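query-v5.txt (compact mmCIF, C-alpha atoms)
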```
# COMPACT_ATOMS: atom_id res chain seq x y z
CA MET A 1 0.00 0.00 0.00
CA ALA A 2 1.45 3.14 -1.14
CA GLN A 3 1.77 5.79 1.50
CA GLU A 4 0.70 9.29 0.43
CA THR A 5 3.23 11.98 1.12
CA LYS A 6 1.86 14.88 3.11
CA ASP A 7 2.77 18.39 2.04
CA ASN A 8 3.00 21.47 4.25
CA TRP A 9 -0.66 22.32 3.76
CA ASP A 10 -1.72 18.97 5.09
CA LYS A 11 0.53 19.44 8.11
CA ALA A 12 -0.84 22.93 8.68
CA ALA A 13 -4.36 21.55 8.40
CA VAL A 14 -3.58 18.99 11.13
CA ILE A 15 -2.35 21.74 13.44
CA LEU A 16 -4.80 24.50 12.47
CA SER A 17 -8.04 22.52 12.62
CA PRO A 18 -7.94 22.00 16.41
CA VAL A 19 -6.56 25.54 16.82
CA GLY A 20 -9.49 26.85 14.74
CA GLY A 21 -11.88 24.95 16.95
CA LEU A 22 -10.21 26.36 20.01
CA VAL A 23 -10.31 29.95 18.64
CA THR A 24 -13.98 29.52 17.72
CA ALA A 25 -14.73 28.18 21.20
CA LEU A 26 -12.80 31.06 22.78
CA ALA A 27 -14.61 33.60 20.57
CA VAL A 28 -17.98 32.12 21.48
CA ALA A 29 -17.01 32.12 25.14
CA TRP A 30 -15.80 35.75 24.92
CA ILE A 31 -18.94 36.91 23.11
CA GLY A 32 -21.07 35.06 25.66
CA HIS A 33 -19.15 36.62 28.50
CA SER A 34 -19.47 40.11 26.97
CA LEU A 35 -23.16 39.60 26.44
CA ASN A 36 -23.52 38.46 30.03
CA LEU A 37 -21.60 41.48 31.29
CA ARG A 38 -23.74 43.80 29.14
CA GLN A 39 -26.90 42.10 30.29
CA ALA A 40 -25.77 42.38 33.90
CA ASP A 41 -25.07 46.10 33.35
CA GLU A 42 -28.46 46.59 31.77
CA THR A 43 -30.11 44.69 34.61
CA ASN A 44 -28.28 46.89 37.13
CA VAL A 45 -29.28 50.06 35.30
CA ARG A 46 -32.90 48.86 35.06
CA LEU A 47 -32.88 47.94 38.74
CA TYR A 48 -31.39 51.30 39.67
CA ALA A 49 -33.95 53.14 37.54
CA GLU A 50 -36.72 51.05 39.05
CA LEU A 51 -35.48 51.77 42.58
CA MET A 52 -35.18 55.47 41.83
CA GLY A 53 -38.65 55.44 40.28
CA ARG A 54 -40.10 53.69 43.33
CA ARG A 55 -38.33 56.08 45.66
CA GLU A 56 -39.66 59.02 43.63
CA GLU A 57 -43.12 57.46 43.71
CA ALA A 58 -42.96 56.96 47.49
CA ASP A 59 -41.68 60.51 47.90
CA THR A 60 -44.45 61.89 45.68
CA SER A 61 -47.06 59.90 47.57
CA LEU A 62 -45.71 61.16 50.90
CA ARG A 63 -45.66 64.74 49.62
CA LYS A 64 -49.18 64.31 48.26
CA ASP A 65 -50.45 63.10 51.64
CA MET A 66 -48.61 65.90 53.42
CA PHE A 67 -49.98 68.46 50.97
CA ASN A 68 -53.56 67.20 51.30
CA SER A 69 -53.37 67.17 55.07
CA ALA A 70 -51.81 70.64 55.28
CA ILE A 71 -54.09 72.28 52.73
CA LYS A 72 -57.21 70.86 54.38
CA SER A 73 -56.96 73.21 57.33
CA PHE A 74 -57.18 76.17 54.96
CA ILE A 75 -60.03 75.04 52.74
CA GLU A 76 -62.17 73.20 55.28
CA ALA A 77 -64.70 75.00 57.47
CA ARG A 78 -63.26 77.18 60.22
CA PRO A 79 -62.55 77.38 63.09
CA VAL A 80 -59.12 75.82 63.03
CA SER A 81 -56.70 77.13 65.62
CA VAL A 82 -54.24 79.73 64.39
CA GLU A 83 -51.43 77.64 65.86
CA LYS A 84 -52.39 74.77 63.54
CA GLU A 85 -52.75 77.05 60.54
CA VAL A 86 -49.34 78.59 61.12
CA LEU A 87 -47.80 75.11 61.41
CA ASN A 88 -49.49 73.95 58.20
CA LEU A 89 -48.36 77.10 56.46
CA GLU A 90 -44.78 76.36 57.51
CA LEU A 91 -45.09 72.80 56.17
CA LEU A 92 -46.44 74.01 52.84
CA ALA A 93 -43.94 76.83 52.54
CA TYR A 94 -40.87 74.71 53.21
CA ASN A 95 -41.95 71.81 50.98
CA PHE A 96 -43.98 73.29 48.13
CA HIS A 97 -42.89 76.89 47.65
CA GLU A 98 -41.47 76.06 44.21
CA SER A 99 -44.55 74.22 42.99
CA ILE A 100 -47.56 76.22 44.13
CA ASP A 101 -48.39 79.81 44.86
CA ILE A 102 -48.69 79.87 48.64
CA SER A 103 -49.05 83.64 48.90
CA PRO A 104 -52.90 83.52 49.22
CA LEU A 105 -52.47 81.27 52.27
CA PHE A 106 -49.88 83.63 53.72
CA LYS A 107 -52.23 86.57 53.16
CA ASP A 108 -55.11 84.67 54.76
CA VAL A 109 -53.15 83.80 57.91
CA TYR A 110 -51.67 87.30 58.05
CA GLU A 111 -55.17 88.77 57.75
CA GLN A 112 -56.31 86.75 60.77
CA LEU A 113 -53.28 87.80 62.77
CA LEU A 114 -53.86 91.48 61.97
CA ASP A 115 -57.61 91.41 62.55
CA PRO A 116 -58.28 93.27 65.85
CA ARG A 117 -61.63 91.40 66.25
CA SER A 118 -59.92 87.99 66.35
CA THR A 119 -59.70 86.27 69.72
CA ILE A 120 -55.93 85.74 69.54
CA ARG A 121 -54.08 87.01 72.60
CA GLU A 122 -51.78 89.96 71.93
CA ALA A 123 -48.64 88.05 72.95
CA ASP A 124 -49.60 85.11 70.69
CA ARG A 125 -50.40 87.46 67.83
CA GLU A 126 -46.84 88.81 67.84
CA LYS A 127 -45.38 85.31 68.24
CA TYR A 128 -47.33 83.92 65.25
CA ARG A 129 -46.61 86.98 63.16
CA ALA A 130 -42.89 86.57 63.81
CA ARG A 131 -43.13 82.88 62.82
CA VAL A 132 -45.00 83.62 59.60
CA GLU A 133 -42.59 86.39 58.64
CA SER A 134 -39.60 84.22 59.48
CA VAL A 135 -40.75 81.38 57.21
CA ALA A 136 -41.55 83.87 54.43
CA ARG A 137 -38.08 85.40 54.76
CA GLU A 138 -36.42 81.98 54.59
CA VAL A 139 -38.34 81.04 51.45
CA ILE A 140 -37.52 84.40 49.87
CA ASP A 141 -33.83 83.98 50.73
CA LYS A 142 -33.73 80.45 49.26
CA GLU A 143 -35.46 81.50 46.07
CA THR A 144 -33.32 84.63 45.74
CA ALA A 145 -30.14 82.57 46.02
CA ALA A 146 -31.40 80.22 43.30
CA LEU A 147 -32.54 82.99 40.97
CA GLU A 148 -29.92 85.72 41.09
CA ILE A 149 -28.15 84.26 38.05
CA ALA A 150 -28.25 87.41 35.92
CA GLY A 151 -27.77 89.70 38.88
CA LYS A 152 -29.51 91.46 41.73
CA LEU A 153 -29.79 94.95 43.14
CA ASP A 154 -30.44 95.88 46.77
CA GLY A 155 -32.19 99.00 48.00
CA ASP A 156 -32.91 100.47 51.43
CA LEU A 157 -35.59 102.88 52.52
CA PHE A 158 -35.71 104.79 55.79
CA PHE A 159 -39.36 105.64 56.26
CA GLU A 160 -38.67 109.19 57.44
CA ASP A 161 -37.06 109.86 54.04
CA LEU A 162 -40.13 108.79 52.06
CA LYS A 163 -41.47 111.73 50.04
CA PRO A 164 -45.19 112.17 49.15
CA GLN A 165 -44.38 111.60 45.45
CA GLY A 166 -42.30 108.51 46.33
CA SER A 167 -38.58 107.83 46.70
CA ILE A 168 -36.28 105.97 44.33
CA VAL A 169 -34.47 103.17 46.15
CA ILE A 170 -32.97 101.21 43.24
CA ALA A 171 -31.65 102.67 39.97
CA ASP A 172 -29.01 100.66 38.15
CA ARG A 173 -28.23 98.45 35.18
CA LEU A 174 -28.11 94.65 35.07
CA PRO A 175 -25.96 92.78 34.17
CA GLY A 176 -23.24 95.04 35.60
CA ARG A 177 -21.72 97.69 33.36
CA GLY A 178 -18.46 95.77 32.99
CA THR A 179 -20.16 92.77 31.33
CA ARG A 180 -19.45 92.13 27.63
CA GLN A 181 -22.76 92.08 25.77
CA GLU A 182 -21.28 90.27 22.73
CA ASP A 183 -21.52 86.98 24.58
CA GLU A 184 -24.81 85.19 23.82
CA ASP A 185 -24.98 83.70 27.33
CA VAL A 186 -25.14 87.10 28.99
CA ALA A 187 -28.61 88.46 29.81
CA PRO A 188 -29.72 91.51 27.81
CA ALA A 189 -28.73 94.79 29.47
CA ARG A 190 -31.59 96.54 31.25
CA ASP A 191 -31.94 99.65 33.37
CA PHE A 192 -34.03 99.05 36.49
CA GLU A 193 -35.65 101.69 38.66
CA VAL A 194 -37.69 100.99 41.80
CA LYS A 195 -39.59 103.85 43.42
CA VAL A 196 -41.33 103.27 46.75
CA LEU A 197 -44.64 105.15 46.63
CA ARG A 198 -46.29 104.24 49.93
CA VAL A 199 -45.60 102.18 53.02
CA ASN A 200 -48.19 100.28 55.05
CA LYS A 201 -46.55 99.59 58.40
CA GLU A 202 -49.48 97.54 59.77
CA ARG A 203 -49.32 95.03 56.92
CA ARG A 204 -45.59 95.48 56.32
CA GLU A 205 -46.07 96.13 52.63
CA MET A 206 -44.86 98.74 50.21
CA ARG A 207 -46.47 100.12 47.09
CA VAL A 208 -43.80 100.39 44.43
CA ALA A 209 -43.42 101.53 40.83
CA LEU A 210 -41.03 99.36 38.82
CA LYS A 211 -39.55 100.73 35.60
CA VAL A 212 -37.54 98.47 33.32
CA ARG A 213 -35.86 99.87 30.24
CA THR A 214 -34.48 97.34 27.79
CA LEU A 215 -31.66 98.64 25.66
CA GLU A 216 -32.10 97.23 22.18
CA ASN A 217 -28.98 96.58 20.17
CA SER A 218 -27.16 96.82 23.49
CA GLY A 219 -24.11 95.11 22.00
CA SER A 220 -23.42 98.10 19.80
CA SER A 221 -21.21 100.83 21.13
CA ASP A 222 -22.94 103.41 18.94
CA SER A 223 -25.35 105.14 21.29
CA LYS A 224 -27.40 106.49 18.35
CA ASN A 225 -28.46 102.94 17.45
CA LYS A 226 -29.76 102.24 20.91
CA GLU A 227 -33.52 102.35 21.25
CA ALA A 228 -35.14 101.64 24.56
CA SER A 229 -38.39 99.86 25.33
CA LEU A 230 -39.97 100.77 28.65
CA LEU A 231 -42.08 98.66 31.00
CA VAL A 232 -43.77 100.32 34.00
CA SER A 233 -45.64 98.39 36.66
CA THR A 234 -47.12 99.51 39.99
CA PHE A 235 -47.86 96.93 42.69
CA TRP A 236 -47.65 96.13 46.41
CA VAL A 237 -44.77 94.04 47.67
CA GLY A 238 -44.75 92.26 51.02
CA PHE A 239 -43.44 89.16 52.73
CA SER A 240 -45.97 86.95 50.95
CA ASP A 241 -44.61 87.71 47.47
CA PHE A 242 -42.21 84.97 46.40
CA PRO A 243 -39.98 85.65 43.39
CA MET A 244 -40.23 82.25 41.67
CA ILE A 245 -43.99 82.65 41.28
CA ASP A 246 -44.62 86.37 41.61
CA ASN A 247 -42.44 88.06 39.02
CA THR A 248 -42.57 90.38 36.03
CA ARG A 249 -42.17 88.98 32.51
CA LEU A 250 -39.63 90.75 30.35
CA SER A 251 -38.78 90.20 26.69
CA GLU A 252 -36.14 87.72 25.40
CA GLY A 253 -37.02 85.05 27.96
CA TYR A 254 -36.16 86.95 31.12
CA ARG A 255 -37.99 87.90 34.32
CA CYS A 256 -37.43 90.21 37.22
CA ALA A 257 -38.87 90.09 40.71
CA LEU A 258 -38.90 92.44 43.65
CA VAL A 259 -38.75 90.96 47.13
CA LEU A 260 -38.97 92.37 50.62
CA ARG A 261 -35.96 91.21 52.65
CA ASP A 262 -36.42 93.16 55.85
CA PHE A 263 -39.00 95.45 57.43
CA ASP A 264 -38.73 97.02 60.86
CA GLU A 265 -40.09 100.12 62.56
CA LEU A 266 -37.74 102.54 60.82
CA HIS A 267 -36.50 100.90 57.68
CA ALA A 268 -37.13 98.35 54.92
CA ARG A 269 -34.80 96.54 52.56
CA MET A 270 -35.74 95.13 49.19
CA THR A 271 -33.95 93.24 46.44
CA LEU A 272 -34.54 93.21 42.71
CA ILE A 273 -33.62 89.91 41.04
CA TYR A 274 -33.05 89.45 37.30
CA PHE A 275 -33.23 85.88 35.97
CA PRO A 276 -34.04 83.73 32.91
CA THR A 277 -37.57 82.31 32.54
CA SER A 278 -36.19 78.77 32.84
CA ARG A 279 -35.52 79.44 36.55
CA ALA A 280 -39.14 80.36 37.30
CA ALA A 281 -41.33 77.92 39.25
CA LEU A 282 -42.75 74.72 37.77
CA LYS A 283 -46.23 76.22 37.88
CA ASP A 284 -45.16 79.07 35.66
CA LYS A 285 -45.40 78.05 32.00
CA PRO A 286 -43.45 80.12 29.49
CA TYR A 287 -45.37 81.82 26.70
CA PHE A 288 -45.08 80.41 23.18
CA ASP A 289 -43.10 83.44 21.95
CA GLU A 290 -40.70 83.04 24.89
CA MET A 291 -40.05 79.42 23.87
CA MET A 292 -39.52 80.50 20.24
CA ASP A 293 -37.10 83.19 21.42
CA ASP A 294 -35.20 80.58 23.43
CA LEU A 295 -35.01 78.17 20.48
CA LEU A 296 -33.79 80.89 18.13
CA ARG A 297 -31.17 81.95 20.66
CA VAL A 298 -29.91 78.37 21.03
CA ARG A 299 -29.80 78.04 17.22
CA ARG A 300 -27.78 81.25 16.89
CA HIS A 301 -25.48 80.08 19.67
CA ILE A 302 -24.86 76.72 17.92
CA ALA A 303 -24.28 78.39 14.54
CA ARG A 304 -21.79 80.80 16.09
CA HIS A 305 -19.76 78.07 17.78
CA ARG A 306 -19.79 75.58 14.87
CA MET B 1 -117.30 100.17 88.00
CA ARG B 2 -114.08 101.24 89.67
CA MET B 3 -110.88 101.46 87.64
CA PRO B 4 -107.91 99.78 89.31
CA ARG B 5 -105.59 102.38 90.76
CA MET B 6 -102.06 102.51 89.37
CA ASN B 7 -99.50 103.59 91.82
CA GLY B 8 -96.53 105.89 91.05
CA GLY B 9 -93.95 103.03 91.07
CA TRP B 10 -95.60 101.27 88.13
CA ILE B 11 -95.70 104.43 86.05
CA LEU B 12 -92.02 105.10 86.71
CA ALA B 13 -91.08 101.52 85.75
CA VAL B 14 -93.02 101.71 82.45
CA ALA B 15 -91.40 105.07 81.66
CA LEU B 16 -87.91 103.73 82.34
CA VAL B 17 -88.45 100.68 80.14
CA SER B 18 -89.67 102.92 77.28
CA VAL B 19 -86.67 105.24 77.59
CA ALA B 20 -84.30 102.24 77.64
CA ALA B 21 -85.92 100.82 74.48
CA ILE B 22 -85.60 104.14 72.66
CA ALA B 23 -81.97 104.49 73.77
CA LYS B 24 -81.21 100.93 72.59
CA ASN B 25 -82.65 101.68 69.15
CA ALA B 26 -80.58 104.82 69.00
CA VAL B 27 -77.40 102.82 69.78
CA ALA B 28 -78.26 100.08 67.27
CA ALA B 29 -78.58 102.56 64.40
CA PRO B 30 -75.83 105.15 64.82
CA ALA B 31 -75.69 108.14 62.54
CA ARG B 32 -73.78 107.32 59.34
CA PRO B 33 -70.37 109.04 59.22
CA ALA B 34 -70.15 111.94 56.82
CA THR B 35 -68.69 111.13 53.44
CA THR B 36 -67.21 113.14 50.59
CA ASP B 37 -67.43 112.44 46.87
CA VAL B 38 -63.86 112.93 45.70
CA THR B 39 -62.96 113.58 42.06
CA VAL B 40 -59.34 113.81 41.02
CA VAL B 41 -58.31 115.80 37.94
CA VAL B 42 -54.84 115.02 36.63
CA THR B 43 -53.01 117.39 34.33
CA GLY B 44 -49.40 117.70 33.30
CA GLY B 45 -46.95 120.47 32.51
CA GLN B 46 -47.45 124.16 31.79
CA PRO B 47 -49.76 124.98 30.05
CA GLU B 48 -51.74 122.21 31.70
CA ARG B 49 -53.07 119.36 29.61
CA PRO B 50 -55.13 116.38 30.82
CA ILE B 51 -53.33 113.08 31.35
CA LYS B 52 -55.17 109.94 30.31
CA GLY B 53 -54.50 106.60 32.00
CA ALA B 54 -52.78 107.99 35.11
CA THR B 55 -53.15 105.84 38.25
CA VAL B 56 -54.81 107.64 41.15
CA TYR B 57 -54.34 106.19 44.64
CA LEU B 58 -56.36 107.43 47.63
CA GLU B 59 -55.57 106.38 51.19
CA TRP B 60 -57.18 107.28 54.52
CA LYS B 61 -57.60 105.95 58.04
CA GLU B 62 -60.91 104.43 59.11
CA ARG B 63 -61.40 103.09 62.66
CA GLY B 64 -57.64 102.75 63.03
CA ALA B 65 -57.20 100.71 59.85
CA THR B 66 -55.68 101.94 56.59
CA LYS B 67 -58.16 101.93 53.69
CA SER B 68 -57.48 102.74 50.05
CA ARG B 69 -59.05 103.14 46.63
CA GLN B 70 -57.38 103.16 43.25
CA GLY B 71 -58.53 104.26 39.82
CA THR B 72 -57.43 105.49 36.42
CA THR B 73 -58.04 108.81 34.71
CA ASN B 74 -60.16 109.10 31.56
CA ALA B 75 -59.29 111.07 28.42
CA GLN B 76 -60.23 114.33 30.18
CA GLY B 77 -57.89 113.47 33.07
CA PHE B 78 -60.77 112.74 35.51
CA ALA B 79 -60.85 109.88 38.01
CA GLY B 80 -63.76 109.19 40.35
CA PRO B 81 -65.89 110.31 42.03
CA TYR B 82 -64.99 108.10 44.97
CA ARG B 83 -67.21 108.20 48.08
CA ILE B 84 -64.89 108.14 51.07
CA PRO B 85 -65.15 109.23 54.75
CA ARG B 86 -64.81 112.99 55.34
CA THR B 87 -61.35 112.93 56.82
CA LYS B 88 -57.73 113.52 55.89
CA VAL B 89 -56.87 111.69 52.66
CA PHE B 90 -53.58 111.02 50.92
CA VAL B 91 -53.69 111.28 47.11
CA GLN B 92 -50.94 110.00 44.88
CA VAL B 93 -50.78 109.99 41.09
CA THR B 94 -48.42 107.92 38.94
CA THR B 95 -48.23 107.36 35.19
CA ASN B 96 -47.18 104.41 33.08
CA ASP B 97 -44.71 106.34 30.98
CA ASP B 98 -41.48 108.18 31.41
CA GLU B 99 -42.87 111.60 30.58
CA TRP B 100 -44.41 112.60 33.92
CA ASP B 101 -43.12 112.39 37.45
CA SER B 102 -45.37 111.11 40.26
CA ARG B 103 -46.97 113.41 42.82
CA GLY B 104 -48.55 112.97 46.24
CA ASP B 105 -50.50 115.30 48.57
CA ASN B 106 -52.38 115.17 51.87
CA ILE B 107 -55.84 116.73 51.56
CA ASP B 108 -58.32 117.57 54.33
CA LEU B 109 -61.85 116.81 53.15
CA LYS B 110 -64.49 119.17 54.54
CA ALA B 111 -67.38 119.32 52.07
CA ALA B 112 -69.79 116.80 50.54
CA THR B 113 -67.93 117.00 47.21
CA HIS B 114 -64.28 117.79 46.61
CA THR B 115 -62.31 118.07 43.39
CA ILE B 116 -58.59 117.55 43.81
CA LYS B 117 -56.36 118.97 41.08
CA MET B 118 -53.01 117.30 40.58
CA ASN B 119 -50.56 118.82 38.13
CA LEU B 120 -47.67 116.50 37.38
CA PRO B 121 -44.19 117.83 36.69
CA LYS B 122 -42.21 116.60 33.67
CA THR B 123 -39.51 114.05 34.43
CA ARG B 124 -36.03 115.48 34.35
```
Can I see the file as structure tokens?
Amino acid sequence: MAQETKDNWDKAAVILSPVGGLVTALAVAWIGHSLNLRQADETNVRLYAELMGRREEADTSLRKDMFNSAIKSFIEARPVSVEKEVLNLELLAYNFHESIDISPLFKDVYEQLLDPRSTIREADREKYRARVESVAREVIDKETAALEIAGKLDGDLFFEDLKPQGSIVIADRLPGRGTRQEDEDVAPARDFEVKVLRVNKERREMRVALKVRTLENSGSSDSKNKEASLLVSTFWVGFSDFPMIDNTRLSEGYRCALVLRDFDELHARMTLIYFPTSRAALKDKPYFDEMMDDLLRVRRHIARHR
Amino acid sequence: MRMPRMNGGWILAVALVSVAAIAKNAVAAPARPATTDVTVVVTGGQPERPIKGATVYLEWKERGATKSRQGTTNAQGFAGPYRIPRTKVFVQVTTNDDEWDSRGDNIDLKAATHTIKMNLPKTR
């Protein structure tokens, strides 16, 4: 029997065929392992998302219960003790000041505390009033810190200086005069003027006239090209006016708000805050033209940086 | 037939009860406080011309509490009339433009009708 001679290819085939099998097995094992790892990652992500969702759900449910319980004392038939109302107001203010307008509740409780016919003892009246004002101040401070992105201006008024025609307490430009207007991210330059017209010391409120002048073409250094649009608004400002909800709409997707920071026997301090609409409260929906303005600005920004 | 005799004590008691009833009615319906119909006329500059759309704010004290009314002037510069207690009133006028400055005055109301003239100065 003649023995066939094996060439190099035959020898290579003898060696390579088991190696090929081994490589295939390794590849299959590697792919399987990768798939397992990926699946495990996906499972972890899904589990994490599910846990976060459940936690959010539990949190929402808890907040819903808390909200229902706290709001009941205000909408159900009176009498409910002032102590309980003040406590519920604190709960609502600390937990929901960004979501709902709590100023009507503040005004309602304040009204009761100021009413001379109410049966609240004088010492308690002062105690509750201090509590209500303290919670209002805290909420205003928190919201001011979150909103003062485009700038803020402070103003003080000593009541003895208040003139019958009113006194100007804030008159300045925001953003500050050193800011370069060429940058798209910078808020449009505006001149703000706040004139205090009247003070109500019983209610701790002030009637103010707010003037906002928007400088169009504010990027240009040529003052002849600058045309101003003016907005004038007269309103009362007190401790129950919270900037996230109670603010003035300006053009180009911006807002401004005036808040009362301090009010004592002789003096009051207020702050004007300038911020983009996106920072306003959840309840506050932007107008359609504001959204279009925003989209166009983003488009211009992208085109400029491409 | 003899009429029963009424003694002096009974007559006095009936008289006292009647007086008390009359006095109670008088307390229950006190005289209404005097009021004044206030009209505010807003003009601007020299020679004066009426200002349309100016905000007029009136403030006074009533039983210790601060009360207020607010209105807007018509094309002839008139706001009101506002019926308010005949007392000292604070009047303040503001406009929604940059042309006129605001103005405030304390006015003592003494008659049944009162027209308050407010001439606004131009803003500087």
Which residues of chain B have any atom within 9 Å of an atom in chain A when counting all atoms listed in the file, and what is the closest pair of atoms for each, with the distance in Å to one decimal? Order the rows by chain and rising number and write it as JSON lines.
```
{"residue": "B:Thr55", "atom": "CA", "partner": "A:Thr234", "partner_atom": "CA", "distance": 8.9}
{"residue": "B:Ala65", "atom": "CA", "partner": "A:Glu202", "partner_atom": "CA", "distance": 8.3}
{"residue": "B:Thr66", "atom": "CA", "partner": "A:Asn200", "partner_atom": "CA", "distance": 7.8}
{"residue": "B:Phe90", "atom": "CA", "partner": "A:Pro164", "partner_atom": "CA", "distance": 8.7}
{"residue": "B:Val91", "atom": "CA", "partner": "A:Pro164", "partner_atom": "CA", "distance": 8.8}
{"residue": "B:Gln92", "atom": "CA", "partner": "A:Gln165", "partner_atom": "CA", "distance": 6.8}
{"residue": "B:Val93", "atom": "CA", "partner": "A:Gln165", "partner_atom": "CA", "distance": 7.9}
{"residue": "B:Thr94", "atom": "CA", "partner": "A:Ala209", "partner_atom": "CA", "distance": 8.3}
{"residue": "B:Thr95", "atom": "CA", "partner": "A:Val232", "partner_atom": "CA", "distance": 8.4}
{"residue": "B:Asn96", "atom": "CA", "partner": "A:Val232", "partner_atom": "CA", "distance": 5.4}
{"residue": "B:Asp97", "atom": "CA", "partner": "A:Val232", "partner_atom": "CA", "distance": 6.8}
{"residue": "B:Asp98", "atom": "CA", "partner": "A:Leu230", "partner_atom": "CA", "distance": 8.1}
{"residue": "B:Asp101", "atom": "CA", "partner": "A:Gln165", "partner_atom": "CA", "distance": 8.1}
{"residue": "B:Ser102", "atom": "CA", "partner": "A:Gln165", "partner_atom": "CA", "distance": 5.3}
{"residue": "B:Arg103", "atom": "CA", "partner": "A:Gln165", "partner_atom": "CA", "distance": 4.1}
{"residue": "B:Gly104", "atom": "CA", "partner": "A:Gln165", "partner_atom": "CA", "distance": 4.5}
{"residue": "B:Asp105", "atom": "CA", "partner": "A:Pro164", "partner_atom": "CA", "distance": 6.2}
{"residue": "B:Asn106", "atom": "CA", "partner": "A:Pro164", "partner_atom": "CA", "distance": 8.3}
```
_Distance criterion (all atoms listed in the file): nearest to Lys52 in chain B out of B:Ala112, B:Ile84, B:Ala75, B:Met118_ =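 Smallest distance to Lys52 in chain B is found for B:Ala75.
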*Pick out the closest residue to Thr87 in chain B from this set: B:Asp108, B:Asp37, B:Glu48, B:Thr73. Count all atoms listed in the file.*
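Among B:Asp108, B:Asp37, B:Glu48, B:Thr73, it is B:Asp108 that comes nearest to Thr87 in chain B.
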*Please determine the residues with any atom at most 10 Å from (-59.0, 107.2, 53.1) (coordinates as given in the file, with all atoms listed in the file counting) and report them as a list of chain:residue names.*
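Every polymer residue passing the test: B:Tyr57, B:Leu58, B:Glu59, B:Trp60, B:Lys61, B:Glu62, B:Ala65, B:Thr66, B:Lys67, B:Ser68, B:Arg69, B:Arg83, B:Ile84, B:Pro85, B:Arg86, B:Thr87, B:Lys88, B:Val89, B:Phe90, B:Val91.
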*Which distance in Å separates CA of Tyr287 in chain A and CA of Leu105 in chain A, to one decimal?*
26.5 Å
*In Å, rounded to a single decimal, give me how far CA of Thr39 in chain B is from CA of His114 in chain B.*
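Computing it gives 6.3 Å between the two atoms.
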_Within 9 Å of Asp101 in chain A using all atoms listed in the file, minus same-chain residues under 5 positions, as a ChimeraX atom specification_ = /A:96,242,245-246,283
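What separates CA of Phe159 in chain A from CA of Val194 in chain A is a distance of 15.3 Å.
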Would you mind exporting range 46-58 of chain B with N, CA and C atoms, as a PDB file, in the first residue's frame?
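After the write, part_28.pdb holds the following:
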```pdb
ATOM      1  N   GLN B  46     -46.958 122.778  31.914  1.00  0.00           N
ATOM      2  CA  GLN B  46     -47.452 124.165  31.789  1.00  0.00           C
ATOM      3  C   GLN B  46     -47.323 124.565  30.325  1.00  0.00           C
ATOM      4  N   PRO B  47     -48.362 124.930  29.610  1.00  0.00           N
ATOM      5  CA  PRO B  47     -49.757 124.978  30.047  1.00  0.00           C
ATOM      6  C   PRO B  47     -50.285 123.571  30.331  1.00  0.00           C
ATOM      7  N   GLU B  48     -51.234 123.503  31.242  1.00  0.00           N
ATOM      8  CA  GLU B  48     -51.737 122.208  31.704  1.00  0.00           C
ATOM      9  C   GLU B  48     -52.497 121.482  30.598  1.00  0.00           C
ATOM     10  N   ARG B  49     -52.259 120.174  30.518  1.00  0.00           N
ATOM     11  CA  ARG B  49     -53.071 119.357  29.612  1.00  0.00           C
ATOM     12  C   ARG B  49     -53.448 118.062  30.331  1.00  0.00           C
ATOM     13  N   PRO B  50     -54.683 117.571  30.078  1.00  0.00           N
ATOM     14  CA  PRO B  50     -55.133 116.385  30.822  1.00  0.00           C
ATOM     15  C   PRO B  50     -54.280 115.158  30.525  1.00  0.00           C
ATOM     16  N   ILE B  51     -54.103 114.319  31.544  1.00  0.00           N
ATOM     17  CA  ILE B  51     -53.328 113.082  31.354  1.00  0.00           C
ATOM     18  C   ILE B  51     -54.274 111.903  31.441  1.00  0.00           C
ATOM     19  N   LYS B  52     -54.296 111.123  30.365  1.00  0.00           N
ATOM     20  CA  LYS B  52     -55.166 109.944  30.306  1.00  0.00           C
ATOM     21  C   LYS B  52     -54.400 108.724  30.838  1.00  0.00           C
ATOM     22  N   GLY B  53     -55.091 107.866  31.564  1.00  0.00           N
ATOM     23  CA  GLY B  53     -54.498 106.595  32.002  1.00  0.00           C
ATOM     24  C   GLY B  53     -53.587 106.705  33.221  1.00  0.00           C
ATOM     25  N   ALA B  54     -53.604 107.856  33.899  1.00  0.00           N
ATOM     26  CA  ALA B  54     -52.778 107.987  35.113  1.00  0.00           C
ATOM     27  C   ALA B  54     -53.440 107.198  36.255  1.00  0.00           C
ATOM     28  N   THR B  55     -52.622 106.615  37.109  1.00  0.00           N
ATOM     29  CA  THR B  55     -53.155 105.844  38.248  1.00  0.00           C
ATOM     30  C   THR B  55     -53.314 106.765  39.454  1.00  0.00           C
ATOM     31  N   VAL B  56     -54.529 106.796  39.994  1.00  0.00           N
ATOM     32  CA  VAL B  56     -54.815 107.641  41.151  1.00  0.00           C
ATOM     33  C   VAL B  56     -55.010 106.726  42.361  1.00  0.00           C
ATOM     34  N   TYR B  57     -54.282 107.010  43.418  1.00  0.00           N
ATOM     35  CA  TYR B  57     -54.344 106.193  44.636  1.00  0.00           C
ATOM     36  C   TYR B  57     -54.784 107.077  45.796  1.00  0.00           C
ATOM     37  N   LEU B  58     -55.852 106.674  46.477  1.00  0.00           N
ATOM     38  CA  LEU B  58     -56.356 107.427  47.625  1.00  0.00           C
ATOM     39  C   LEU B  58     -56.223 106.562  48.877  1.00  0.00           C
TER      40      LEU B  58
END
```
